[in-house]
Each structure stands twice: as C-alpha cells, then as structure tokens.
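Take a look at the structure set out below.
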Amino acid sequence: MAAYSPEVIATHGLKPDEYEKVVEILGREPSWTELGIFSVMWSEHCSYKSSRLHLRKLPTRSQRVLQGPGENAGIIDIGGGYGIAFKIESHNHPSFIEPFQGAATGVGGILRDIFTMGARPLAVLDALRFGTLEDPGAGARNARIVEGVVSGISHYGNCFGVPTIGGECVFEECYNGNPLVNVFALGVIQRDKIFYGKAYGPGNPVIYVGARTGRDGIHGASMASAEFTEESQQKRPNVQVGDPFMEKLLLEACLEAMQTGAIVGIQDMGAAGLTCSTCEMSSRAGTGMEVDLDLVPQREAGMTPYEIMLSESQERMLLVAEKGRENEIFDVFRKWGLEAATIGVVTGDGRLIVRDKGQVVADLPSREVADEAPVYDRPQTRPYRTHPVERGSAIPVSNDLTRDLHTLVSSADLCSKAWIFEQYDYMVRTNTTAGPAVAEAAVIRIKETGTSVAMSLDGNARYCYLDPREGTRLVVAECCRNLSTVGAEPVATTNNLNFGNPERPEIMAQLVESIEGLSEACEFFQVPVTGGNVSLYNETLGTPIFPTPVVGIVGLLPTAPPVGIAFRNSDRFVMLLGGLGPCDDVRFGGTQYAKQVLNDLWGLPPALDMEYERRVQKAIRQITGEGLVESAHDLSDGGLGVALAECCIAGRMGARIDLDSDLRPEFLLFGEAPSRILVSSATPDRIQSIAESFGIPVVTLGVTMREHLVVRNRNLPLVHTKVEALRRDWADALEQKLESRW
Amino acid sequence: MKVGVIVFPGSNCDHDAWYAVAHDLGQHAEFIWHDSERLGDVDAVILPGGFSYGDYLRCGAIARFSPVMSAIRKFASEGGLVLGICNGFQILVESGLLPGALLRNEGLKFLCKPVQLSVETTESPFTHGAEKGQILTVPIAHGEGNYFADERTLDELAAEDRIALRYVTPCNGSRRNIAGILNRDRNVMGMMPHPERAAEPLMGSTDGLVILRSLVSAAVVR
C-alpha cells in the first residue's frame, strides 16, 4: 500500500487528523479508490460534519411524522391511508459554475429523493438568490445566471412532468459570486408502501438501474464543500449533465417495479454516486455489500474504479431485490427501455467490498464510512455582523411616499416574477389550485384523498444577517403565517441552511444561532423538521453570503378554491388583522424600504412575539375556514404599503385607506412588524368577533374601490396613485432589468 | 363510448386527459401504450401532452415512427376521431396528419399561462358544442407552439374553415394566431392549449370541457 503526500490528502479534502482516522479504521493505508471514497463520504456535503452536532437540537417528532431526518426524504401522514414525502436540497455551487445544468440537475436530484421512497412527485418550489442586476461589475453575469438557472429548472421540471408551483427569488449583492438554488419537492405516497434505502437480506442481489456511468460529476460533493476561488470555473467538468426524459422513465419504472413487491430497498445515486448509495444502504441495514465494477453499465471505456465509484452521473438508482425475483424487476425496466444490471450482492459482514477485474480495490466497513465521519464542534465567536445597530444619521423624511411605493413594487425583489414562473409548467397533473403569485402559499389538491396540501418557502437573509436567531424565528413564523392565510394548518418543516465557511468562527456562530432559532420556532409552532440540507462554504474570494436559512413548511387543508391575495370587488371592507404594529428606528433597518429606497442596512429585524403570532394564525385559519374573506395577504416585505399595492394590482382594484396612527409615515407604510394579515371582506362584524375571541386587534382601514389607491393618515395624504400605473411598473420590471443587461 | 389516451414513455399529460374524461365527464377512458399496433374498441383517441420520447430532436419527430401512430393513421383514415393536445398536436403535424409545423415560441422561452381562445368554427366534432366566436379561457404550456405554414396552406386552411381555434391575443408567434386546426376530413384536430387543464371549477376554468364534451358526444353519435 502506498502512503500519500500531504498534498494528495489535502486535495481530497481530508485534514491530516481525518486521514489518521481513516488509517485507524482500516488498520492500514487506504487504496487509491478507498481514499476517494472517504474523500466524498467525509466531505461536508455528505457528512454534515460541521452542523451535525447542532442539527440534533431540532425537533423531529409529532404524531404525523412517519419518517424524520436521515432518509432520502421526510414523510408525514395526511390521513386516508396516504402520506406526503418532501424535502429541499441545494445546488448552489454547480449553479454558479454552470447555471443551466447546475439548476437542472438540482431539480433532478431532489425528485429522485422523493420517488426513491415510493412517492410520485406532485410539486416543486424553488428558493433562488442572485447577485443584483444593477451591479456595474457583476450585473451582466448575474443576469446570465438568472437566465440559465430559470431555464435549467424549466427544462428539467417541465419535461419530467412535475409542476413548479411557487417559491421566491431575491437579489442581493452578497450573492454576486455565489447564487443560491434551493429546490423543494413534494410527492404523494401510500402509507403502507414506503420504501427505504436499506440493503436488507444477505444473499439478495444488488441491482443498478438507469443511465450509464460516465466521467461527469466526479468529486461534485467535494467541490460543494469548498469555497470558490478564481480557479473555480475550471471545475465545470465537475458539474453533472441532466436528462429529464431519462428521469421520467426512471420514475415510472421505479414506481411500477415497486408494485411487484420484489424490491427490498432502493436509493438514488446522487452526491457521491455509487459510493454513497452502497455505503449508506448497507450501513442503515447493518449489512455489507459486495459489488463488481465490471458489471456496472458504463458510458465510456477505460474508467478506473476510482472514477466509477465517484462519478455523479445523473438518473441512476441502486436497488436491492428479493433473491430469485430479479426478473420481475428486469421486465419492468425493459418495458420502459431502461438498463438494469445485477452488480453485486448483500452480505452479512458489514463490509463494502469493491472488485474490479477480479481485484479487490476497496474493502471498508460500511458503517464507519457512512456514519463515523468526524463530527466537529467548531469554535464560534461574535460578532457575526459588522453593520451597526444604530443608523449613523437620522432616517430621512420622504418627500414622496407615492414614488417610494412605486420604487418598491418595481424593485427586483418585489416586482412580478411572471418572467420566471411562466417558464415553468405549473399546472401539469391538474392538481394546482393555487399556483405562483395567486395566494400566500402554493396549494395542490391530492386526488387520492380529496384533501389539499399547501406549501411555502421562505427566507430573509437581511433579517438573519442582523440577528440569525431572531431572523430564523421570523422566517418560520412567516412561513406558518403564509400557510394559515390560505386556511392551512402547518404540520412539518424542511430546511436548507445556506451559510459561509464554518471554519470561520463568526460564520459558525451564525449557523448555530440560526439552528437554535429554527429549533425554537419549529418547536413552538409544532412543525417538526423532517429533513433538510446544509450548504456551507458559500463564499467567493473570502466574501461570505448573508446567512440564508430557507424554510419550507407544508400545511393541510380541505380542498376548495383557495383564498387569493387579490381584491376582487369594490366596496369591501379592508381590514388589518393584528393591527398596525410597532416600528422604530432600529427595527426599520432590515426592511425592504431600507434596502430599496435608502440603500442601507442597519439595526435589528422586527420583533416577534411567537405566542401572539400563534393567536393571529389561529384567527386567520378560522376566518378563512368560515369563508369570511374575499382576499387575504400577510404583511411581510415592504409592509402595509406593498401589501396594499399587491392586493390592488392582483385584482386590478383600488382602495381608499384612512389610517389613525402616531407612527411616522415611513414606518406606518413600510415597517415590517410580523403577525399581521390584510383581508377584504363583506362581513366585518364576524371577523371582529373572531379576532376578539383570540385576543388580537383588527383594524378596519378602509374600503376597496375602482382604479385608485389612496392612503391617508389622519387626513394627511400619504399615497395617491392609479392602480394601472402601479401595475405597469410592477409587471415588466424584471424583464426590463434583465434585458438591459443582455 | 370509450376514449383511448395514448401513452408515450415521455407523455406527462396522459393522466390529466384520462382524469378529465373519466372523472369530469364520467366517460370510459383507457390508456394505450405506444408500442401497441392496435387501438382496440375505442371510439375516439387523445394524443396527450408531454415529451413523447424526450423530444431532444424536433418535438414528435420520433413519435411519428411509433407502432401506435400507424394504428392511429389507420383509425383516422377510417373516420375515427383523433384529438392531439400540445405534444399530441406536434406529433400529428410530424406524422403528416395535419399540415404545417410548430416552431419554437417567438420569445424562445417555454410559456405557461391561461390564454383566451376564440372558437373559429363549430363545424367539427371537437367544437360543435360551442358558439362560433365563443371565447374560451384555456391554459397553454409549451416551448414549441408557434404554428407555421406557408401562405398558401394558411389560405387553404382559412378557405376550408379548418382553423378551429385562434388566440385572442398573440402569445407565441403563431401565424394568424392559430391555436388549433382540423384535417380536411374534419375528424382530426390538433391544438396547443390544454382543455384537460380547464375541466373543473377548482382549476379556475371549465371552458376546456366545451371541447372535450363535443368530442365525447360526437363519438357517441358515430
């Protein structure tokens, strides 16, 4: 056995002490293939070595949770004998290097996680973060990344046949060199037909299905575990290439093969490919596995065992069948025109043995490789922020709040995202009852149960940067509020934690604070975490992104036409559940107004009272459930002013609003205090009494009317504008910003 | 009355078409696999949306050679009713059952949204339940729906009253805003919009049922 130079070990992403642990586990120096296997399995991406210790703090149980973290996806019970499987995954690094394929394969990867468990994917949502389009240096590149990512998602999801029904998209300078592409997918599954990535039964055959193995994507997982440098573009060959048609075949064939009853366990080959699937499947079942690489279908000749084991070629699955029933599975895959080959056997000795041309090229203990990766309690230090709590000078008095409102609705963050979502097929499978931009959450009906599922993805990196713990709690609260606003009961959470380099103590502090905030809020709102993803090292040339936890929460509701955000009729009462809310100089610094109008960031995020928030959510669920409102829109980015504008734009309807508040106009219109929901209704009295029963205020602000949005505070005019003018500024802004960059 | 829904490996609106016919219209519908050489005892056939064999080549260019398309050609030549939706329209055009071609959308992007269609003729088994000039709200979802034919063919289509549906507002660059056309015998129709996605109040529109109901009642009569 050859020993390796420190450089070779370092390029495999292993620290000297990690390498020593490898030697200790094996009792010898690793072979070249084994070194590769440890390199990917112990990468941050696969092993969660920096976050694992802290992720244990998350609540993961409830009566509805059928499958918590640790499997390919989480599953919750939705009644009627069915469950839903859902998860979120990032494909940030590949999407920067090769936006189209990076994003496309991100969609492909998460879809496989869902159908691996036996669930048919029914919905995709995306949380996207890009650098600013206005940036004089990076704007043009950012625009190309936007275009590439969106067309990559569109290409893969549309062809596969899953509707992309919502998400969010934010632009911020910190993502200039490091865009975020977080893809959430959800599928429906029969409760008694859940499949796991477990290789039970020594003697059972190990079967490889799907696309052939090529040299693409080798070390993708390791790439995702390092910061970007100027040489990162050379890693383009590390990005995989997706084939959505192949994935569609794989979906149908896998679901059909599962019906035969001959499948014991199944797992997709995603990050770290054949290595990860063989190690994890045998480790979870407490078994071992022997595979012969000569039997692996290969795209090109002359691949080394190292390359075959580390390839991240897409659209491949590994499954374990009941011995003697292989042909039932082969028949199904043949029908769908897919390749399937027995490449090995499950063993009882806990070892993963890999042969190539008769030689043993790797012989490792599965459990140690899969589960005994180093776990770090990395040092954490404050401060994790450099922006001041107090703004250097007084917040300027606006001389034109109407113009400010137009500025906000035409900003890249708040303008219409139709340019993006119209490229996605958001209706295929005819389940979408609330698609993009219709309501506070995306909603699909489940044909099998006659009930519906609502989904919301949320993140607010400015809040989280100013205070990672409170910011993350606010994100969870907003996500639950969005679901409640459409009448859904939030039930479970998945999350994608996007952070910088955890080896830097101030970044580690952000991560820990955020996880603890997530834990507190998920515990409080009773939305246990059933899985997720951690993406670290999101930095380029030493500049980290803002801490960006993205939370995806699902909720359950009866099937009915959902309450949208649009003001639908004139002469309806416009009411604000939760009241006008507080705001002050410090709590104004993380708002969209501070960003878009003042071009500044300071202070703290808005204050959250979770107990109060919960009562507001209960109230709106009852109000929506009783059918008392024609529209409902929670106040978030841009506060009351932007929410009013959005309700007006969506319904092509105006409103006359008369406020009564001591707050200065900027705070009153654009403060972002949480726990507030704007509704329109013909039955204000009943809403009043429901609000009272939950002990929360509700203020009648005015009435809807045609054409104009007029807002006054104690007879002082604040905003006076035509809805069509707002709509024009809002509708085409994104396309114009992108086009000006092409 | 039985409707056959053709399933290519990459069809992804097959279930939606089946559901609209079986659930929303309460008719019998069954799937027909792409390598079938016979259609069985169906009274009408729907070629659903999707990506037939991946469509990495021109959409529908490979599907035209599939065994089931030989059966559909025969079925159509005997007067059988064939409705091609989206990818189904592309396949009918590639197969020569309908004239013209479907190019990439003018904006070169996939486009998914509800659009307004006007019913240009009611003299067909697919539109006889509508009023001439009736406006239907039905979604589109395609990257290659830009209908193209030479001027002579377009004039011929118009003269023979074979333009069944037009977009009220241009959306993908289609010549003369064509959204759906008929063959000369009027028993084959291709349309880019998805009537099966507008078949329940819950989906926001039931206007697609005008077309699917027409098809079903015409099939019963035959």
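Residue numbering restarts at 1 in every chain; chains get A, B, ... in the order shown in the structure tokens, and ligands count up from 1 in that same order.
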
Next item on the list: Might you pull out every residue within 9 Å of range 149-163 of chain B, with only C-alpha atoms counted and same-chain residues fewer than 4 positions away left off, and present them as a list of chain:residue names?
Entry: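 Near range 149-163 of chain B, the qualifying residues are B:Pro99, B:Gly100, B:Ala101, B:Leu102, B:Val119, B:Glu120, B:Thr121, B:Glu123, B:Ser124, B:Arg175, B:Arg176, B:Ile178, B:Ala179, B:Gly180, B:Ile181, B:Leu182, B:Asn183, B:Arg184, B:Arg186.
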
With N, CA and C atoms retained, write the just-selected residues as an mmCIF file, in the first residue's frame.
data_model
loop_
_atom_site.group_PDB
_atom_site.id
_atom_site.type_symbol
_atom_site.label_atom_id
_atom_site.label_comp_id
_atom_site.auth_asym_id
_atom_site.auth_seq_id
_atom_site.Cartn_x
_atom_site.Cartn_y
_atom_site.Cartn_z
ATOM 1 N N PRO B 99 -51.331 19.664 -41.496
ATOM 2 C CA PRO B 99 -50.294 20.420 -42.203
ATOM 3 C C PRO B 99 -49.543 21.378 -41.284
ATOM 4 N N GLY B 100 -48.402 21.858 -41.780
ATOM 5 C CA GLY B 100 -47.664 22.900 -41.071
ATOM 6 C C GLY B 100 -46.624 22.352 -40.124
ATOM 7 N N ALA B 101 -46.141 23.236 -39.261
ATOM 8 C CA ALA B 101 -45.091 22.862 -38.297
ATOM 9 C C ALA B 101 -45.254 23.716 -37.058
ATOM 10 N N LEU B 102 -44.713 23.223 -35.944
ATOM 11 C CA LEU B 102 -44.741 24.003 -34.702
ATOM 12 C C LEU B 102 -43.320 24.374 -34.337
ATOM 13 N N VAL B 119 -63.372 30.481 -30.684
ATOM 14 C CA VAL B 119 -63.797 29.334 -31.478
ATOM 15 C C VAL B 119 -64.129 29.840 -32.878
ATOM 16 N N GLU B 120 -63.357 29.387 -33.869
ATOM 17 C CA GLU B 120 -63.486 29.935 -35.216
ATOM 18 C C GLU B 120 -64.475 29.156 -36.070
ATOM 19 N N THR B 121 -64.678 27.899 -35.720
ATOM 20 C CA THR B 121 -65.688 27.130 -36.453
ATOM 21 C C THR B 121 -66.358 26.166 -35.485
ATOM 22 N N GLU B 123 -68.189 23.772 -36.972
ATOM 23 C CA GLU B 123 -68.418 22.643 -37.883
ATOM 24 C C GLU B 123 -67.326 21.596 -37.679
ATOM 25 N N SER B 124 -67.262 21.026 -36.489
ATOM 26 C CA SER B 124 -66.296 19.960 -36.256
ATOM 27 C C SER B 124 -66.737 19.163 -35.045
ATOM 28 N N ARG B 175 -48.564 31.903 -36.761
ATOM 29 C CA ARG B 175 -49.141 32.548 -37.938
ATOM 30 C C ARG B 175 -50.656 32.653 -37.754
ATOM 31 N N ARG B 176 -51.158 33.832 -38.030
ATOM 32 C CA ARG B 176 -52.590 34.121 -37.964
ATOM 33 C C ARG B 176 -53.212 33.701 -36.631
ATOM 34 N N ILE B 178 -53.036 31.093 -34.929
ATOM 35 C CA ILE B 178 -53.658 29.774 -34.933
ATOM 36 C C ILE B 178 -53.297 28.990 -33.670
ATOM 37 N N ALA B 179 -54.330 28.493 -32.988
ATOM 38 C CA ALA B 179 -54.122 27.667 -31.789
ATOM 39 C C ALA B 179 -54.531 26.227 -32.036
ATOM 40 N N GLY B 180 -55.409 26.005 -33.025
ATOM 41 C CA GLY B 180 -55.849 24.640 -33.325
ATOM 42 C C GLY B 180 -56.388 24.534 -34.733
ATOM 43 N N ILE B 181 -56.080 23.413 -35.395
ATOM 44 C CA ILE B 181 -56.556 23.232 -36.770
ATOM 45 C C ILE B 181 -57.140 21.831 -36.968
ATOM 46 N N LEU B 182 -57.898 21.702 -38.058
ATOM 47 C CA LEU B 182 -58.536 20.432 -38.411
ATOM 48 C C LEU B 182 -57.914 19.873 -39.689
ATOM 49 N N ASN B 183 -58.038 18.568 -39.874
ATOM 50 C CA ASN B 183 -57.645 17.993 -41.163
ATOM 51 C C ASN B 183 -58.796 18.175 -42.162
ATOM 52 N N ARG B 184 -58.557 17.766 -43.384
ATOM 53 C CA ARG B 184 -59.550 18.020 -44.418
ATOM 54 C C ARG B 184 -60.868 17.294 -44.112
ATOM 55 N N ARG B 186 -61.979 16.654 -41.242
ATOM 56 C CA ARG B 186 -62.504 17.265 -40.010
ATOM 57 C C ARG B 186 -62.644 16.267 -38.849
#

Next item on the list: Find the residues near range 33-35 of chain B: any atom within 6 Å, counting only C-alpha atoms, skip ones fewer than 2 places away on the same chain, and give them as a count of residues only.
Entry: 4

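Secondary structure from DSSP on the backbone puts alpha helix (DSSP H) at the following positions of range 32-156 of chain B: Pro67, Val68, Met69, Ser70, Ala71, Ile72, Arg73, Lys74, Phe75, Ala76, Ser77, Asn87, Gly88, Phe89, Gln90, Ile91, Leu92, Val93, Glu94, Glu151, Arg152, Thr153, Leu154, Asp155 and Glu156 of chain B.
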
Next item on the list: Mind listing the strand (DSSP E) residues of range 151-205 of chain B, per DSSP on the backbone, as a ChimeraX atom specification?
Entry: /B:163-167,178-182,188-191

Cut-off 7 Å: closest chain A/chain B atom pairs per residue, using only C-alpha atoms, as CSV:
residue,atom,partner,partner_atom,distance
A:Cys159,CA,B:Phe51,CA,6.1
A:Gly161,CA,B:Asn12,CA,5.2
A:Phe245,CA,B:Gly54,CA,5.0
A:Lys248,CA,B:Gly10,CA,6.7
A:Leu249,CA,B:Pro9,CA,6.5
A:Trp336,CA,B:Pro9,CA,6.9
A:Glu422,CA,B:Cys112,CA,4.8
A:Gln423,CA,B:Phe110,CA,4.8
A:Tyr424,CA,B:Cys112,CA,6.4
A:Asp425,CA,B:Cys112,CA,5.5
A:Val428,CA,B:Cys13,CA,6.5
A:Arg429,CA,B:Asp16,CA,5.5
A:Thr430,CA,B:Arg197,CA,5.8
A:Thr432,CA,B:Met203,CA,6.9
A:Thr433,CA,B:Met203,CA,5.8
A:Ala560,CA,B:Leu202,CA,7.0
A:Pro561,CA,B:Leu202,CA,5.7

Given the selection you just returned, output its residues as a file containing N, CA and C atoms, formatted as a PDB file, in the first residue's frame.
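Now in selection.pdb:
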ATOM      1  N   CYS A 159     -40.208  18.800 -18.546  1.00  0.00           N
ATOM      2  CA  CYS A 159     -40.117  17.544 -19.286  1.00  0.00           C
ATOM      3  C   CYS A 159     -40.463  16.366 -18.383  1.00  0.00           C
ATOM      4  N   GLY A 161     -42.438  16.402 -15.944  1.00  0.00           N
ATOM      5  CA  GLY A 161     -43.877  16.398 -15.730  1.00  0.00           C
ATOM      6  C   GLY A 161     -44.278  16.659 -14.298  1.00  0.00           C
ATOM      7  N   PHE A 245     -35.802  13.315 -19.499  1.00  0.00           N
ATOM      8  CA  PHE A 245     -36.584  12.213 -20.076  1.00  0.00           C
ATOM      9  C   PHE A 245     -36.178  10.890 -19.428  1.00  0.00           C
ATOM     10  N   LYS A 248     -37.753  10.737 -16.111  1.00  0.00           N
ATOM     11  CA  LYS A 248     -39.184  10.414 -16.210  1.00  0.00           C
ATOM     12  C   LYS A 248     -39.361   8.894 -16.362  1.00  0.00           C
ATOM     13  N   LEU A 249     -38.523   8.292 -17.211  1.00  0.00           N
ATOM     14  CA  LEU A 249     -38.585   6.834 -17.387  1.00  0.00           C
ATOM     15  C   LEU A 249     -38.263   6.132 -16.077  1.00  0.00           C
ATOM     16  N   TRP A 336     -39.766  -0.035 -19.983  1.00  0.00           N
ATOM     17  CA  TRP A 336     -39.515   1.403 -20.069  1.00  0.00           C
ATOM     18  C   TRP A 336     -38.225   1.716 -20.814  1.00  0.00           C
ATOM     19  N   GLU A 422     -43.676  31.841 -15.576  1.00  0.00           N
ATOM     20  CA  GLU A 422     -44.349  31.432 -16.811  1.00  0.00           C
ATOM     21  C   GLU A 422     -43.478  30.500 -17.660  1.00  0.00           C
ATOM     22  N   GLN A 423     -42.207  30.405 -17.297  1.00  0.00           N
ATOM     23  CA  GLN A 423     -41.354  29.419 -17.991  1.00  0.00           C
ATOM     24  C   GLN A 423     -41.495  28.032 -17.376  1.00  0.00           C
ATOM     25  N   TYR A 424     -42.171  27.964 -16.244  1.00  0.00           N
ATOM     26  CA  TYR A 424     -42.396  26.675 -15.591  1.00  0.00           C
ATOM     27  C   TYR A 424     -43.807  26.181 -15.888  1.00  0.00           C
ATOM     28  N   ASP A 425     -43.931  24.916 -16.196  1.00  0.00           N
ATOM     29  CA  ASP A 425     -45.266  24.330 -16.287  1.00  0.00           C
ATOM     30  C   ASP A 425     -45.770  24.161 -14.851  1.00  0.00           C
ATOM     31  N   VAL A 428     -49.280  21.057 -14.818  1.00  0.00           N
ATOM     32  CA  VAL A 428     -49.318  19.652 -15.229  1.00  0.00           C
ATOM     33  C   VAL A 428     -49.722  18.783 -14.035  1.00  0.00           C
ATOM     34  N   ARG A 429     -50.480  17.753 -14.326  1.00  0.00           N
ATOM     35  CA  ARG A 429     -51.087  16.832 -13.351  1.00  0.00           C
ATOM     36  C   ARG A 429     -52.381  17.375 -12.762  1.00  0.00           C
ATOM     37  N   THR A 430     -52.803  18.534 -13.228  1.00  0.00           N
ATOM     38  CA  THR A 430     -54.085  19.155 -12.856  1.00  0.00           C
ATOM     39  C   THR A 430     -54.435  19.028 -11.375  1.00  0.00           C
ATOM     40  N   THR A 432     -53.015  21.789  -9.337  1.00  0.00           N
ATOM     41  CA  THR A 432     -52.655  23.105  -8.812  1.00  0.00           C
ATOM     42  C   THR A 432     -53.901  23.953  -8.593  1.00  0.00           C
ATOM     43  N   THR A 433     -54.242  24.193  -7.335  1.00  0.00           N
ATOM     44  CA  THR A 433     -55.387  25.062  -7.075  1.00  0.00           C
ATOM     45  C   THR A 433     -54.938  26.481  -6.745  1.00  0.00           C
ATOM     46  N   ALA A 560     -60.756  23.189  -1.655  1.00  0.00           N
ATOM     47  CA  ALA A 560     -61.735  24.226  -2.000  1.00  0.00           C
ATOM     48  C   ALA A 560     -60.980  25.297  -2.763  1.00  0.00           C
ATOM     49  N   PRO A 561     -61.689  26.137  -3.517  1.00  0.00           N
ATOM     50  CA  PRO A 561     -60.966  27.232  -4.174  1.00  0.00           C
ATOM     51  C   PRO A 561     -60.273  28.072  -3.105  1.00  0.00           C
TER      52      PRO A 561
END

Notebook entry, point to check: Neighbours of Gly84 in chain B within 10 Å (only C-alpha atoms; same-chain residues fewer than 5 positions away dropped), as a PyMOL selection string?
Noted result: chain B and resi 6+45-49+89-93+180+188-192+194

May I have the selected residues written with C-alpha atoms, as a PDB file, in the first residue's frame?
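Written output follows (part20.pdb):
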ATOM      1  CA  ILE B   6     -52.100   7.255 -25.904  1.00  0.00           C
ATOM      2  CA  VAL B  45     -58.314   8.860 -29.352  1.00  0.00           C
ATOM      3  CA  ILE B  46     -56.488  11.594 -27.444  1.00  0.00           C
ATOM      4  CA  LEU B  47     -52.791  12.178 -28.016  1.00  0.00           C
ATOM      5  CA  PRO B  48     -51.856  13.946 -24.775  1.00  0.00           C
ATOM      6  CA  GLY B  49     -49.185  16.491 -23.920  1.00  0.00           C
ATOM      7  CA  PHE B  89     -50.548  18.344 -31.924  1.00  0.00           C
ATOM      8  CA  GLN B  90     -46.808  18.321 -32.617  1.00  0.00           C
ATOM      9  CA  ILE B  91     -46.938  14.574 -33.274  1.00  0.00           C
ATOM     10  CA  LEU B  92     -49.930  14.914 -35.619  1.00  0.00           C
ATOM     11  CA  VAL B  93     -48.061  17.555 -37.592  1.00  0.00           C
ATOM     12  CA  GLY B 180     -55.849  24.640 -33.325  1.00  0.00           C
ATOM     13  CA  VAL B 188     -58.533  15.059 -36.621  1.00  0.00           C
ATOM     14  CA  MET B 189     -57.790  18.176 -34.589  1.00  0.00           C
ATOM     15  CA  GLY B 190     -54.546  19.436 -33.114  1.00  0.00           C
ATOM     16  CA  MET B 191     -54.438  22.222 -30.552  1.00  0.00           C
ATOM     17  CA  MET B 192     -51.638  23.634 -28.419  1.00  0.00           C
ATOM     18  CA  HIS B 194     -54.733  22.156 -22.798  1.00  0.00           C
TER      19      HIS B 194
END

Next item on the list: Would you list the contacts of Ser95 in chain B as a ChimeraX atom specification, taking every protein, DNA or RNA residue within 9 Å and counting only C-alpha atoms, but skipping same-chain residues closer than 5 positions in sequence?
Entry: /B:60-61,63-65,69,73,90

Checklist line | Residue contacts of Ala373 in chain A (8 Å, only C-alpha atoms) excluding same-chain residues fewer than 2 positions away, as an MDAnalysis selection string | finding: chainID A and resid 41:42 47 49 368:371 375

For those residues, write C-alpha atoms to a file as a PDB file, in the first residue's frame.
ATOM      1  CA  MET A  41     -18.251  10.420   2.176  1.00  0.00           C
ATOM      2  CA  TRP A  42     -16.497  12.588   4.727  1.00  0.00           C
ATOM      3  CA  SER A  47     -21.284  14.024   6.277  1.00  0.00           C
ATOM      4  CA  LYS A  49     -19.558  17.203   9.979  1.00  0.00           C
ATOM      5  CA  GLU A 368     -17.747   3.652   9.751  1.00  0.00           C
ATOM      6  CA  VAL A 369     -17.564   5.211   6.296  1.00  0.00           C
ATOM      7  CA  ALA A 370     -21.215   6.285   6.279  1.00  0.00           C
ATOM      8  CA  ASP A 371     -21.717   7.253   9.907  1.00  0.00           C
ATOM      9  CA  VAL A 375     -18.042  15.488  13.912  1.00  0.00           C
TER      10      VAL A 375
END
